[in-house]
Every structure is written in structure tokens, then in C-alpha cells.
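Data block below; observations after.
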Amino acid sequence: MSISENQAVREVHPSISKTPIALDAKELATVCVLCSHNCGIRVDVEGGRMVSIRADEANPITHGYICNKAVTCDKYAHHEQRTQKPLRRREDGSFEEIDWGSAINEISAKLKAIRERHSPRSIALVGIGGQANHMDAPYGTSFLRAVGSRRWFNAYAQEKTQHHLVESWMFDNSPTLFMHADLANTRFLLVMGTNPRISNRGSNPTETFKHLGKKADCKIVVADPRETETTRGADVHLRVKPGGDVYLLIGMAATMIQNELYDAEFVAARTQGFNEVRDVLSRVNVGEMAELAGLKESEIKQTAEEFADSGASSIFYDLGVEMTPFSTLLSYLIRLNLTITGNMCREGGETFLETFAPPTLSPGRFQEPERALASGIQGIRALGEFAMFSPTLVPEEIMLDHPERIRAVVVEGSNPLLSFSDTQAWRDAIERLELLVVIEPAMTETAQLADYVLPTPVGYEKWEIAMFPKGHPQIMVQVRPPVIPGPAEALPEAEIYARICEGMGVVLPLPDDLAEIGRPETAEARSGFIMAAMGKVQEVAAQGINGQSQILFWAYRGIGHHFASPVLVAVWALCQANAMERHSDVMRTLGAEWMQKSPMEVGEELFRRIMAHPEGVEVARTAHNKGLDDYIGFDDKRVRVAPEPMIAELERALESGPVEDPEYPFLMSNGLRTRWTANTIQRDPSWRKGNGAQCELNLSPQDAETLGVAKGDRVCVETRRGRIELPAAIDKKIRTGHVWMPNGFGAKYAKTLDEPGEIQGQNGNEITDSADRDPITGCPHHRFMRVKLTKIDSAATAA
């Protein structure tokens, strides 16, 4: 956006923006940051504050779609708990303001001492990236590479890394890919573990599912323990038991194999290991699977028959099958059912969505992965090449008696005490840390326990990007400029990581010769700078410096001034990667006139287009005939349908059945989304405007009657880990024995640290157990918690 001569502006730190930010402006393009859909919005700004938010009809990704939450994004930026200056904890537990130089020097010295005295692995990073703010990722992972640690714990890894792991076993494909139903062409859609009309799973889900419901040639089957907005629009509602999805999918696969409903020609030509999986599933009793799933045998068999017969079947899934027992096995079974029916990469079946990061296969992908010291659970390459761990593992990695245990944690863009399993385990682990640094725009519950708190802008106060896939076959990118100024002393994460790395001496200062090459702000200078920097990799490696990290931070310092903000070096680099590694797809977007241009020229043009379109722009388009061969890395192009770990898990599921505990007879789904929840990103409770569901325990009328509970009565919810109290809500749409509570509650909102503040609802992670998790990935079982319910006597409460 251009700024007129008389317009009121505010100067900001050059790491945020080289140019001032207008204090009054209209129709600024950006996105909603409250979920991964990242709907395009337009905002008006007055006096440096967002005053009006609406859908962006010109956004080529979401086309004017938003939900009710988007119009509250101003509350994310404007609230009383924003961090303003670097803080250091005093011995008495209070905080004092310090300058950036002191903060960086002290943190760098302490990290360096821990690294040298113990191990690089003793330093961990928890977080990176909110729902729409991913510009920090290349810099945060480069910080870890520079330190020599691979201990990255990310929220994505408590939900979805099992899919990337299973796909590496079955397809050997890129961790940047996302498998997704071809909703536009499907003729049979199985929906599992999600209520997309509320959770906004998928592309413009309300409109998409409304359209699907009207298609005469598309059958929608929804497996869900509850009656939901999505089940009401379905042709069939399979009312599975909580945790029963795995037995539904086993029963479907067994039905198809035992009745030879699978695509025998495809299986023979394109798979490996089918006999092994057939041997296991041939002896499955489908009636027993139906009983375990809470369904009729005929329901499973009919679903399997129609799925195999439609010629264009797909599966649409989310957290309900990702945070439940056997979540890795569920991921495998979804892909197995799709594969044996020939629905992988078939029109109307399942496809792979691509992101701005090209789906290049790393030559090091078969190396032994980093493993957690306490559990042996491996880091999983997801979203990119840097493997991540489930944050559920962090407390035990700190408490472990091991010379390389975690002793220092940098938390960035995350609030573990509210967002991750077992809040009490986190508190205990933090007590044992030698250093906790929190990089955050808000004074969160975790920040309040930190040794240092470093303020950073929110996503509307700096250049940002969301790296989730944005459609198919087009590859869309939306890089957003700051629309409002942030706190005067807040710095973007990239600048903070650069300063810490430089302070620790794990990256070298910018050499004079590189600085000179990068001085002219031209495309030739940028290209020459990178080539010269790459020529120094062996030299820096001889000094124990990670070359990949060194090049990025040199580029940040050496050619960052070429851009509106130096953080955009990473976006420019991805443009160059697309030009080199995705040439044909890029040419479909740019046109024939670019065919003879050099990769450097193509990369520069992609960057120019991205910067010219803050509302989003297409940078590439995959071929319409791109098929399974294009997404299989194995030389023989066969899908491995019987990965050894999955055959073992399948046997375990058949032998063990669902977890039962008579002392804790109810099953709770912890952390469901509603129209008025937004994970833990919103601090100010006024964002709900007094509307929507509050933090209640939802239970069936039958269970309420048995417990003697009426609406509003307080109920004690207890697990073996702890207890919380919630007001009751009677939900006629759920099964007896099944209860649920929403996510996004438990934050304490106060204007200052000294005030008592207001705690919003209850933090469900006060009663989760970090040991209750998938044994392969560490994904927690938040959607399948055994609980005990007790009505709290009103007289006792009053007393």
C-alpha cells in the first residue's frame, strides 16, 4: 500500500518494515489468524487500530468466505496482556524491564554455557508458527540447526504428524504434501472425526458441504458419535462409539478383502505387501468389529460395498480420528482403504495438495531419525525437512535423568500450559529447567513462568505468511504486509533468532566481501550473494558452523535490505526454489513467454507477483493428469500396503479392544471446537461478545438424569491425573456415556500481573495425562479420555 504525503504514519524497527506503517487506512488485505483455513479479510485502520473487519471478496483463495470468528481478530491484536518490552525474572519471581542488548547477551551466554557444559541436545524449541503466522519457521529451525539440536516440539505434532509418517512408509513422498479428498468430484464421501460446518475443516466448508448435499451423484456418510451440523446434511449417519472409528475402518477393509471387492488389477500392478495385509484381515470377524465400533454389521458392510463400488470414493477426516487411540493405525487404514480400491490420486478420490514449498525428496530421508530420550519416539518430518516431536513428550524429556536431557527451552508462538497435555507435568518440568525463554506477543500463562520474556509483534504487525495448502490444482501464496504498528520495542522472531545465534557464536558475522556483493539492491546482486555464500560452506563447516543456517542468516543480514523487511529473504528463497524445482507447474501459471527465462528471472517474477498481491496470488498449477506415480518416491512406483509397524499395530488393535475402566466410566472428548472457541490464541474474553457456548460439560439427558444433574449444575470431572469443575449443559445429540467440553478456555485475563484477573472457564489439560498417547507418534488421546463425573452439591459449593 502506498502512503500519501500527508498521511499519519509510525516508524517501526527496520526488521519489521523499511517503510513506516500508516495509522489510518482502508481496505487492507490480510487473513483471519484464528484457524488454519486463513480466510481472506479486509480491514480498516484508524489511529493504528483495526476498527472494521469483513470478508475479502477479491481473495482468490477463500472467495469472500469467513465464519463469525474472523470479525473478532482485532481482539487478538488489541488487548491488555500484550508484551511491550523485554522482561527478566527477579529472584522474588517478579519481572523487571531490560533492554534488548542485555536480554540477548544474557540469554546467549546461558544457552552457550548449557550447550558447552552438557550437549546441544539439551536445548529445545517449543512452538513456531501460529495458525497463520509461519514466517518464523525457517529462522526458528535454523536456530536449532545452528545450535546443533534437533529437539523441536510443535503443536502440529500433537495432531497430524502420523499422516506424514505413514505416507513416508507407504509412498515415500514429500513431507510438504497434504492428502485431501477431491470434494469437487467425489461420488462417495466418508467423513470421520470432524464437523467441518463448525470447525471450518477444508475449503469454504459451509458452502462446499451445502453443494455436496445437493449433488444427486454423491453420497455422504458421516461417522460421528454425536449428531452435528454435518451429520444432519448427510445421507447416512454412522453413530460410532467414541474411539470406534478404527474398528469401522478395519471392518471395511476386511469386508472388501473377504468379499474380493477391492481393485484386484490395481493391487497386483501397483502395490507391494498385499498378501501380508490380506492374511491379517481375512481372519477378522466383521461382526465383532461392528460391535466394537458401536454399529450394526450391515452398516459396515454396506459402507464398504458402496465405497468400493462408487469408482470415486474419498475420506475426509480431522482431529476426532487424530487424537484418539490407534491414531497412527487409523491414518494407515484410511490410506489402505483408499489404495486397495484404487482411489489414491483418482479423480473424485484422494489427491495430494501441494504448498508453496516444492515437494522435493531429501536424499537424507532414510537416515535414522532423532529419537526422544525417554520414550524412543522418533521425530517426524512434516511440513518440511526438519523433523518435529509431539509436545506431549517435553516434560519427561526435561525430568529424565540423562546427561543430554533438556535443560533450556525456548518457547515461541505457543502457550504449553494451556495448549498441551498435562499442565501439571509442564509446571513441574519448568521448575527443573535451567533456562526458559518465551518469545510471545502476549503475557501468557507460560510467559509468566519464564526467566526471560521477549516481545514480538502479532501477525497483523509484521510481514507474515501461512504455509498451509491453499487449493488444488493451483498453488496459492498470500504474503501479508503489516496493517497496524505493534509495540515500539517488539521485534519479529527472525531478528530475535538472528541475534541469539550471533550472540552464541553459532553463526559467523557477515564477511565484508559478502556485504559488498549484496550492497546493490538488484536481482543479480541477490543471486551473486547466494552463490558466494554457498561457496563458503566448506570453510564455515570446518569451524563447526552449520552451513544451511549460516547461509540463511548471512542472507538475512546481507541482502535483507533489498526487501520491505529482511524476513522476506525466506519468501524470496522459496520463489527461487519454485523456479528451479517446480518449473513446469510454474510455467502453467506464468505462461509460454517465460519458458526461455532463466530460473533466477522466473523466481524474481514470482516474488514480484506475490508482493504485488497481498490478497493472494497463484504461483504455480499442477498438471491435471498428475497421478500416483508423481507422488511415489520408490523406484518401482508401488505402494507399500503392509508397513511392518502398522501390521503390528493392527494385530494390537484386534487383540486389545477399546480401553475400559469401571472406575472412570464416562468417555470425554476434550477440546471440541464451537463457533466461539479459537484454541488459545484469543486472550480477551470480550471477543465472544457475550455469545456462544461457554465452557460447559455437555452430557446426554439420560446421563444427566442418572447423575441428578440439571442445566447449570456444577459437575466435578475427574481423571487419574486431576479434577476440574464445569457447569452442565444437556446435549440431546450425544450418546449415553459420552461427554464433551470445548477448547480454548482456562486463560487468566488481567490488565497487570498484580491483578487477580478473570479465569475464563477451565483448562482441560489440567486433567489430561501425558502418558495417554499414541506409542508411535506421541499424539495425545484428547478425544478419548476416561473420566468420572460427580454432581457438586450447591450447598457445599456455597460453603
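We name chains A, B, ... following the order of the C-alpha cells; residues begin at 1 in each chain, and ligands are numbered from 1 as shown.
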
Among stretch 316-431 of chain A, which ones does DSSP place in strand (DSSP E), written as a ChimeraX atom specification?
/A:316-317,350-353,380-381,387-388,408-412

Let me see the file: selected residues, C-alpha atoms, as a compact mmCIF listing (two decimals), in the first residue's frame.
```txt
# COMPACT_ATOMS: atom_id res chain seq x y z
CA PHE A 316 -12.42 -36.56 4.85
CA TYR A 317 -11.03 -36.57 8.40
CA GLU A 350 -7.98 -38.65 -2.75
CA THR A 351 -5.33 -36.31 -4.03
CA PHE A 352 -2.18 -34.68 -2.66
CA LEU A 353 -2.31 -30.95 -2.12
CA ILE A 380 8.76 -36.96 12.15
CA ARG A 381 9.42 -34.92 9.01
CA ALA A 387 11.56 -33.37 11.94
CA MET A 388 9.26 -32.44 14.81
CA ALA A 408 16.91 -24.98 28.29
CA VAL A 409 13.69 -24.33 26.39
CA VAL A 410 12.79 -21.54 24.01
CA VAL A 411 9.00 -21.28 23.73
CA GLU A 412 7.87 -19.26 20.73
```

Taking only C-alpha atoms into account, produce a table as a tab-separated table in which each residue of stretch 224-342 of chain A with an atom at most 7 Å from an atom of stretch 210-220 of chain A appears once, together with its shortest atom pair and the distance in Å to one decimal, ordered by chain and rising number.
```
residue	atom	partner	partner_atom	distance
A:Gly233	CA	A:Gly213	CA	6.4
A:Ala234	CA	A:Ile220	CA	5.1
A:Asp235	CA	A:Ile220	CA	5.3
A:Val236	CA	A:Ile220	CA	6.6
```

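Nearest residue to A:Ser770, choosing from A:Pro391, A:Pro359, A:Gly379, A:Pro492 and counting only C-alpha atoms: A:Pro391.
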
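Taking only C-alpha atoms into account, A:His79 lies nearest to A:Pro487 out of the set A:Pro511, A:Pro196, A:Gly746, A:Pro487.
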
Give me the residues near A:Gly101 as number ranges by chain, where near means some atom within 12 Å (using only C-alpha atoms) and where sequence neighbours in that chain fewer than 3 positions away do not count.
A: 85-87, 97-98, 104-108, 454, 489, 496, 499-500, 503
